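Colleague: I'm passing along model.cif; it holds mmCIF, C-alpha atoms.
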data_protein
#
loop_
_atom_site.label_atom_id
_atom_site.label_comp_id
_atom_site.auth_asym_id
_atom_site.auth_seq_id
_atom_site.Cartn_x
_atom_site.Cartn_y
_atom_site.Cartn_z
CA MET A 1 98.66 69.55 89.36
CA THR A 2 98.21 71.15 85.94
CA LEU A 3 95.55 73.82 85.64
CA THR A 4 92.72 72.76 83.33
CA VAL A 5 90.70 75.35 81.42
CA HIS A 6 87.35 74.01 80.23
CA HIS A 7 86.52 76.05 77.14
CA LEU A 8 83.14 76.15 75.44
CA GLY A 9 83.61 76.84 71.74
CA ILE A 10 82.96 80.42 70.61
CA SER A 11 82.51 81.74 74.14
CA GLN A 12 83.97 84.13 76.67
CA SER A 13 86.15 81.36 78.10
CA GLU A 14 88.61 82.26 75.32
CA ARG A 15 89.67 85.03 77.72
CA ILE A 16 91.03 82.50 80.18
CA VAL A 17 92.93 80.62 77.48
CA TRP A 18 94.42 83.93 76.37
CA LEU A 19 95.34 84.87 79.93
CA CYS A 20 97.19 81.59 80.41
CA GLU A 21 99.08 82.06 77.16
CA GLU A 22 100.15 85.59 78.08
CA LEU A 23 101.30 84.43 81.51
CA GLY A 24 103.21 81.50 80.02
CA ILE A 25 101.94 79.08 82.66
CA ASP A 26 101.55 75.33 82.48
CA TYR A 27 97.93 74.49 81.67
CA GLU A 28 95.74 72.39 79.41
CA VAL A 29 92.60 73.21 77.45
CA LYS A 30 89.61 70.93 77.21
CA ARG A 31 87.34 72.16 74.43
CA TYR A 32 83.62 71.48 74.15
CA GLU A 33 81.39 71.97 71.12
CA ARG A 34 78.04 73.69 71.57
CA SER A 35 75.02 71.40 71.58
CA PRO A 36 73.65 72.91 69.40
CA ILE A 37 73.64 76.46 70.83
CA MET A 38 74.23 76.04 74.54
CA ALA A 39 76.84 74.05 76.44
CA PRO A 40 76.63 70.24 76.21
CA PRO A 41 75.63 68.18 79.28
CA GLU A 42 79.21 67.17 80.07
CA PHE A 43 80.19 70.84 80.33
CA LYS A 44 77.18 71.75 82.45
CA ALA A 45 78.10 68.93 84.83
CA LEU A 46 81.38 70.65 85.72
CA HIS A 47 79.79 73.39 87.86
CA PRO A 48 76.29 74.02 89.22
CA VAL A 49 75.84 77.17 87.10
CA GLY A 50 76.75 75.27 83.95
CA SER A 51 78.23 78.18 82.01
CA ALA A 52 81.69 78.96 80.62
CA PRO A 53 84.41 79.25 81.69
CA VAL A 54 85.25 76.63 84.28
CA ILE A 55 88.75 75.98 85.57
CA GLN A 56 90.07 73.14 87.71
CA ASP A 57 93.27 73.34 89.71
CA GLY A 58 93.78 70.41 92.02
CA ASP A 59 90.71 70.28 94.26
CA VAL A 60 89.59 73.76 93.18
CA THR A 61 86.76 74.07 90.65
CA LEU A 62 85.85 77.64 89.75
CA ALA A 63 83.49 79.39 87.35
CA GLU A 64 82.85 83.05 86.39
CA THR A 65 85.32 84.70 84.05
CA GLY A 66 86.40 87.40 86.47
CA ALA A 67 86.87 84.96 89.32
CA CYS A 68 88.83 82.55 87.12
CA ALA A 69 91.04 85.38 85.86
CA GLU A 70 91.75 86.71 89.35
CA TYR A 71 92.47 83.24 90.70
CA ILE A 72 94.99 82.55 87.96
CA ILE A 73 96.61 85.99 88.19
CA GLN A 74 96.93 85.86 91.96
CA THR A 75 98.08 82.25 92.29
CA LYS A 76 100.17 81.80 89.14
CA GLY A 77 100.81 85.21 87.62
CA ASN A 78 103.90 86.32 89.58
CA GLY A 79 102.82 89.95 89.28
CA LYS A 80 102.36 89.89 85.51
CA LEU A 81 99.52 91.66 83.66
CA ILE A 82 98.36 93.65 86.69
CA VAL A 83 98.77 97.16 88.02
CA ALA A 84 99.54 97.10 91.72
CA PRO A 85 97.79 99.26 94.33
CA GLY A 86 99.71 102.48 94.76
CA GLU A 87 100.70 102.77 91.12
CA LYS A 88 99.40 105.89 89.38
CA ASN A 89 97.09 104.08 86.96
CA TYR A 90 95.78 101.51 89.45
CA PRO A 91 92.27 103.06 89.49
CA GLU A 92 92.10 102.95 85.69
CA TYR A 93 93.28 99.34 85.66
CA LEU A 94 90.66 98.35 88.22
CA TYR A 95 87.88 100.17 86.38
CA TRP A 96 88.60 98.65 82.98
CA LEU A 97 89.27 95.21 84.44
CA HIS A 98 85.63 95.13 85.55
CA PHE A 99 84.19 97.17 82.68
CA GLY A 100 83.93 94.23 80.28
CA ASN A 101 81.66 92.04 82.37
CA GLY A 102 80.09 94.85 84.37
CA THR A 103 79.10 97.28 81.59
CA LEU A 104 80.06 96.33 78.03
CA GLN A 105 79.06 92.68 77.87
CA PRO A 106 75.66 93.07 79.62
CA ALA A 107 74.68 95.84 77.20
CA ILE A 108 75.60 93.73 74.17
CA VAL A 109 73.83 90.66 75.57
CA LEU A 110 70.65 92.68 76.12
CA CYS A 111 70.83 93.94 72.51
CA MET A 112 71.24 90.35 71.36
CA SER A 113 68.33 89.11 73.48
CA LEU A 114 65.98 91.81 72.22
CA SER A 115 66.99 91.05 68.64
CA PHE A 116 66.48 87.30 69.08
CA ALA A 117 63.05 88.03 70.54
CA GLY A 118 62.12 89.65 67.24
CA LEU A 119 61.43 93.08 68.72
CA SER A 120 61.39 95.99 66.30
CA GLU A 121 64.29 98.42 66.29
CA ASP A 122 61.67 101.17 66.54
CA LEU A 123 60.54 100.13 70.01
CA GLU A 124 61.72 102.53 72.72
CA LEU A 125 63.25 99.72 74.79
CA VAL A 126 65.31 98.52 71.83
CA SER A 127 66.38 101.95 70.59
CA ARG A 128 67.26 103.08 74.10
CA ASN A 129 69.48 100.06 74.71
CA ASN A 130 71.13 100.41 71.29
CA ALA A 131 71.89 104.03 72.10
CA ARG A 132 73.33 103.06 75.48
CA THR A 133 75.55 100.42 73.89
CA ASN A 134 76.85 102.97 71.37
CA HIS A 135 77.52 105.37 74.24
CA ILE A 136 79.50 102.68 76.06
CA LEU A 137 81.54 101.98 72.94
CA ALA A 138 82.12 105.72 72.44
CA CYS A 139 83.47 105.98 76.00
CA MET A 140 85.90 103.17 75.27
CA ASP A 141 86.87 104.77 71.98
CA ARG A 142 87.66 108.06 73.76
CA ARG A 143 89.79 106.22 76.29
CA LEU A 144 91.75 104.54 73.51
CA SER A 145 92.35 107.87 71.79
CA ALA A 146 94.51 108.82 74.76
CA VAL A 147 96.31 105.57 75.64
CA PRO A 148 97.39 102.45 73.72
CA TYR A 149 95.82 100.05 76.23
CA LEU A 150 92.84 100.33 78.54
CA ALA A 151 94.86 100.64 81.75
CA GLY A 152 97.39 102.98 80.20
CA GLU A 153 100.73 102.41 78.49
CA GLU A 154 101.00 98.66 79.09
CA PHE A 155 98.94 95.64 78.10
CA THR A 156 97.20 94.14 81.15
CA ALA A 157 94.48 91.72 82.18
CA ALA A 158 92.02 94.60 81.68
CA ASP A 159 92.53 94.24 77.94
CA ILE A 160 91.99 90.49 78.05
CA MET A 161 88.70 90.98 79.89
CA ASN A 162 87.30 93.35 77.23
CA VAL A 163 88.43 92.13 73.82
CA PHE A 164 85.99 89.19 73.57
CA SER A 165 83.01 91.56 73.63
CA LEU A 166 84.51 93.51 70.73
CA THR A 167 85.41 90.47 68.63
CA THR A 168 84.04 86.95 69.09
CA MET A 169 80.84 88.21 70.74
CA ARG A 170 80.03 89.95 67.46
CA THR A 171 79.46 86.52 65.86
CA PHE A 172 76.37 86.31 68.10
CA ARG A 173 75.32 89.96 68.25
CA GLN A 174 76.45 91.44 64.97
CA TYR A 175 77.29 95.13 65.31
CA SER A 176 79.55 97.50 63.42
CA LEU A 177 82.62 99.22 64.82
CA SER A 178 82.93 101.67 61.92
CA ALA A 179 82.15 104.65 64.15
CA PHE A 180 84.96 103.77 66.57
CA PRO A 181 88.36 104.14 64.86
CA ASN A 182 90.36 103.98 68.09
CA ILE A 183 88.76 100.68 69.05
CA LEU A 184 89.59 99.30 65.60
CA ALA A 185 93.23 100.38 65.91
CA TYR A 186 93.35 98.91 69.41
CA LEU A 187 92.00 95.57 68.21
CA LYS A 188 94.70 95.35 65.55
CA ARG A 189 97.28 96.04 68.25
CA VAL A 190 96.14 93.49 70.82
CA THR A 191 95.22 90.69 68.43
CA ALA A 192 98.67 90.91 66.84
CA ARG A 193 100.11 89.57 70.07
CA ASP A 194 101.51 86.05 69.87
CA GLY A 195 99.62 85.12 73.03
CA TYR A 196 96.28 85.98 71.44
CA LYS A 197 97.10 84.08 68.26
CA ARG A 198 98.12 80.98 70.20
CA ALA A 199 95.03 81.21 72.39
CA MET A 200 92.63 81.48 69.47
CA GLN A 201 94.33 78.59 67.70
CA LYS A 202 93.66 76.45 70.76
CA ALA A 203 90.24 77.85 71.63
CA ASP A 204 88.54 78.44 68.27
CA PRO A 205 90.83 77.68 65.32
CA ASP A 206 88.00 78.03 62.80
CA LEU A 207 87.44 81.71 63.61
CA VAL A 208 89.19 84.17 61.31
CA ILE A 209 90.85 86.90 63.36
CA GLU A 210 90.77 89.40 60.49
CA GLU A 211 86.97 89.05 60.34
CA LEU A 212 86.62 89.48 64.10
CA ILE A 213 88.53 92.76 64.23
CA GLY A 214 87.15 94.50 61.15
CA ALA A 215 84.66 97.35 61.16
CA PRO A 216 81.83 95.29 59.63
CA PRO A 217 80.43 92.56 61.86
CA PRO A 218 81.90 89.08 61.31
CA PRO A 219 79.74 86.20 60.03
CA LEU A 220 77.28 84.65 62.45
CA ALA A 221 78.64 81.86 64.64
CA LYS A 222 78.09 78.56 62.86
CA PRO A 223 75.76 77.07 65.51
CA LEU A 224 73.60 80.19 65.40
CA ALA A 225 73.60 80.39 61.61
CA ALA A 226 72.56 76.74 61.41
CA ARG A 227 69.69 77.33 63.83
CA PHE A 228 68.42 80.32 61.83
CA GLN A 229 68.69 78.39 58.58
CA ALA A 230 66.71 75.50 60.04
CA ALA A 231 64.06 77.91 61.29
CA GLN A 232 63.72 79.46 57.83
CA GLN A 233 63.42 76.05 56.19
CA GLY A 234 60.73 75.08 58.68
CA LYS A 235 58.51 77.98 57.70
#
Could you spell out this file's structure in structure tokens?

Modeller:
Amino acid sequence: MTLTVHHLGISQSERIVWLCEELGIDYEVKRYERSPIMAPPEFKALHPVGSAPVIQDGDVTLAETGACAEYIIQTKGNGKLIVAPGEKNYPEYLYWLHFGNGTLQPAIVLCMSLSFAGLSEDLELVSRNNARTNHILACMDRRLSAVPYLAGEEFTAADIMNVFSLTTMRTFRQYSLSAFPNILAYLKRVTARDGYKRAMQKADPDLVIEELIGAPPPPLAKPLAARFQAAQQGK
């Protein structure tokens, strides 16, 4: 049966669409609009957790980005986009493969949550987490000063797992990349790939790639901007 990727608009499930495009596998995308901010009921009904992404492959239904990516790579990837155990850069591949969801994304989400809560930037909790996020980005920037891709000389699934947090995620948590020139150069490199362009056309055709990869933060995601505008009008 054909693999189905259930994609929530403007979400990390774009990674799975991109992965499928890079692998060149047979799959279909079912896209869901946010309602108005979170996933709609029909998406939440796909899996008990109710968050994106969700994939279905025959009688298999799977959530969690990392799990979905590994499942697809191991069952359909034919050795593409991975670094095998025993290869010199295998440790680096493994580290950066898990860096996105293990380190980078949680830091950005915490920054976003503190901002949405209306906490002052002067509070120690907020300033400390902002400093940690900048440190994380600086570590990535240093890595990319030495190699063209996170795992080394070749594009891999490790890149797919990290780019969302540096691009589309910034439409929710707006932050600048001006202090990180190597990340900016890297984003130009990876988003120029045909696989990324095809994936974004299927996943979120209204997003402008040039805005996502620039140093200034891109515009707020439309559902979020609409919510803020409504809140201001209600005051």

Colleague: Once the PyMOL selection byres ((chain A and resi 176) around 8) is applied to the coordinates I shared, what remains selected? I want it as a list in words.

Modeller: Gln174, Tyr175, Leu177, Ser178, Ala179, Ala215, Pro216 and Pro217 of chain A

Colleague: With distances taken over all atoms listed in the file, which residue among A:Ala203, A:Leu184, A:Glu33, A:Leu137 lies nearest Cys20 of chain A?

Modeller: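 So, comparing all the options, the nearest one is A:Ala203.
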
Colleague: If the PyMOL selection byres ((chain A and resi 76-90) around 7) were run on this exact file, what residues would it hold? Put them as a list in words.

Modeller: Leu23, Ile72, Ile73, Gln74, Thr75, Pro91, Glu92, Tyr93, Leu94, Ala151, Gly152, Phe155, Thr156 and Ala157 of chain A

Colleague: Kindly indicate which residue among A:Met161, A:Glu153, A:His135, A:Leu110 lies nearest to Gly66 of chain A, using only C-alpha atoms for the distances.

Modeller: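 Counting only C-alpha atoms, the residue closest to Gly66 of chain A is A:Met161.
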
Colleague: Provide the atom CA of Cys111 of chain A to atom CA of Ala158 of chain A distance in Å, to one decimal place.

Modeller: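 These two atoms are separated by 23.1 Å.
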
Colleague: What does the distance between atom CA of Trp18 of chain A and atom CA of Ala199 of chain A come to in Å, to one decimal place?

Modeller: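 The value is 4.9 Å.
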
Colleague: Hey, which of A:Ile183, A:Asn101, A:Ser165, A:Val54 ends up closest to Ala146 of chain A? Count only C-alpha atoms.

Modeller: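 Among the listed residues, the smallest separation from Ala146 of chain A belongs to A:Ile183.
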
Colleague: Which neighbours of Val163 of chain A fall inside 12 Å, counting all atoms listed in the file, when residues of the same chain fewer than 2 positions from it are skipped, and could you give them as a ChimeraX atom specification?

Modeller: /A:11-16,18-19,96-97,99-101,104-105,140,149-150,155-161,165-170,183-184,186-191,196,209,212-213

Colleague: Once the PyMOL selection byres ((chain A and resi 34) around 9) has been applied to the shown file, what residues remain in the selection, as a tab-separated table (two decimals) with C-alpha atoms, in the frame of the given file?

Modeller:
chain	number	residue	atom	x	y	z
A	8	LEU	CA	83.14	76.15	75.44
A	9	GLY	CA	83.61	76.84	71.74
A	10	ILE	CA	82.96	80.42	70.61
A	32	TYR	CA	83.62	71.48	74.15
A	33	GLU	CA	81.39	71.97	71.12
A	35	SER	CA	75.02	71.40	71.58
A	36	PRO	CA	73.65	72.91	69.40
A	37	ILE	CA	73.64	76.46	70.83
A	38	MET	CA	74.23	76.04	74.54
A	39	ALA	CA	76.84	74.05	76.44
A	40	PRO	CA	76.63	70.24	76.21
A	223	PRO	CA	75.76	77.07	65.51

Colleague: Please determine an axis-aligned box that encloses all atoms of segment 14-24 of chain A listed in the file, with 6 Å added on each side, and express its centre and edge lengths in Å to one decimal as lines of an AutoDock Vina configuration file.

Modeller:
center_x = 95.9
center_y = 83.1
center_z = 78.4
size_x = 26.6
size_y = 17.0
size_z = 18.2
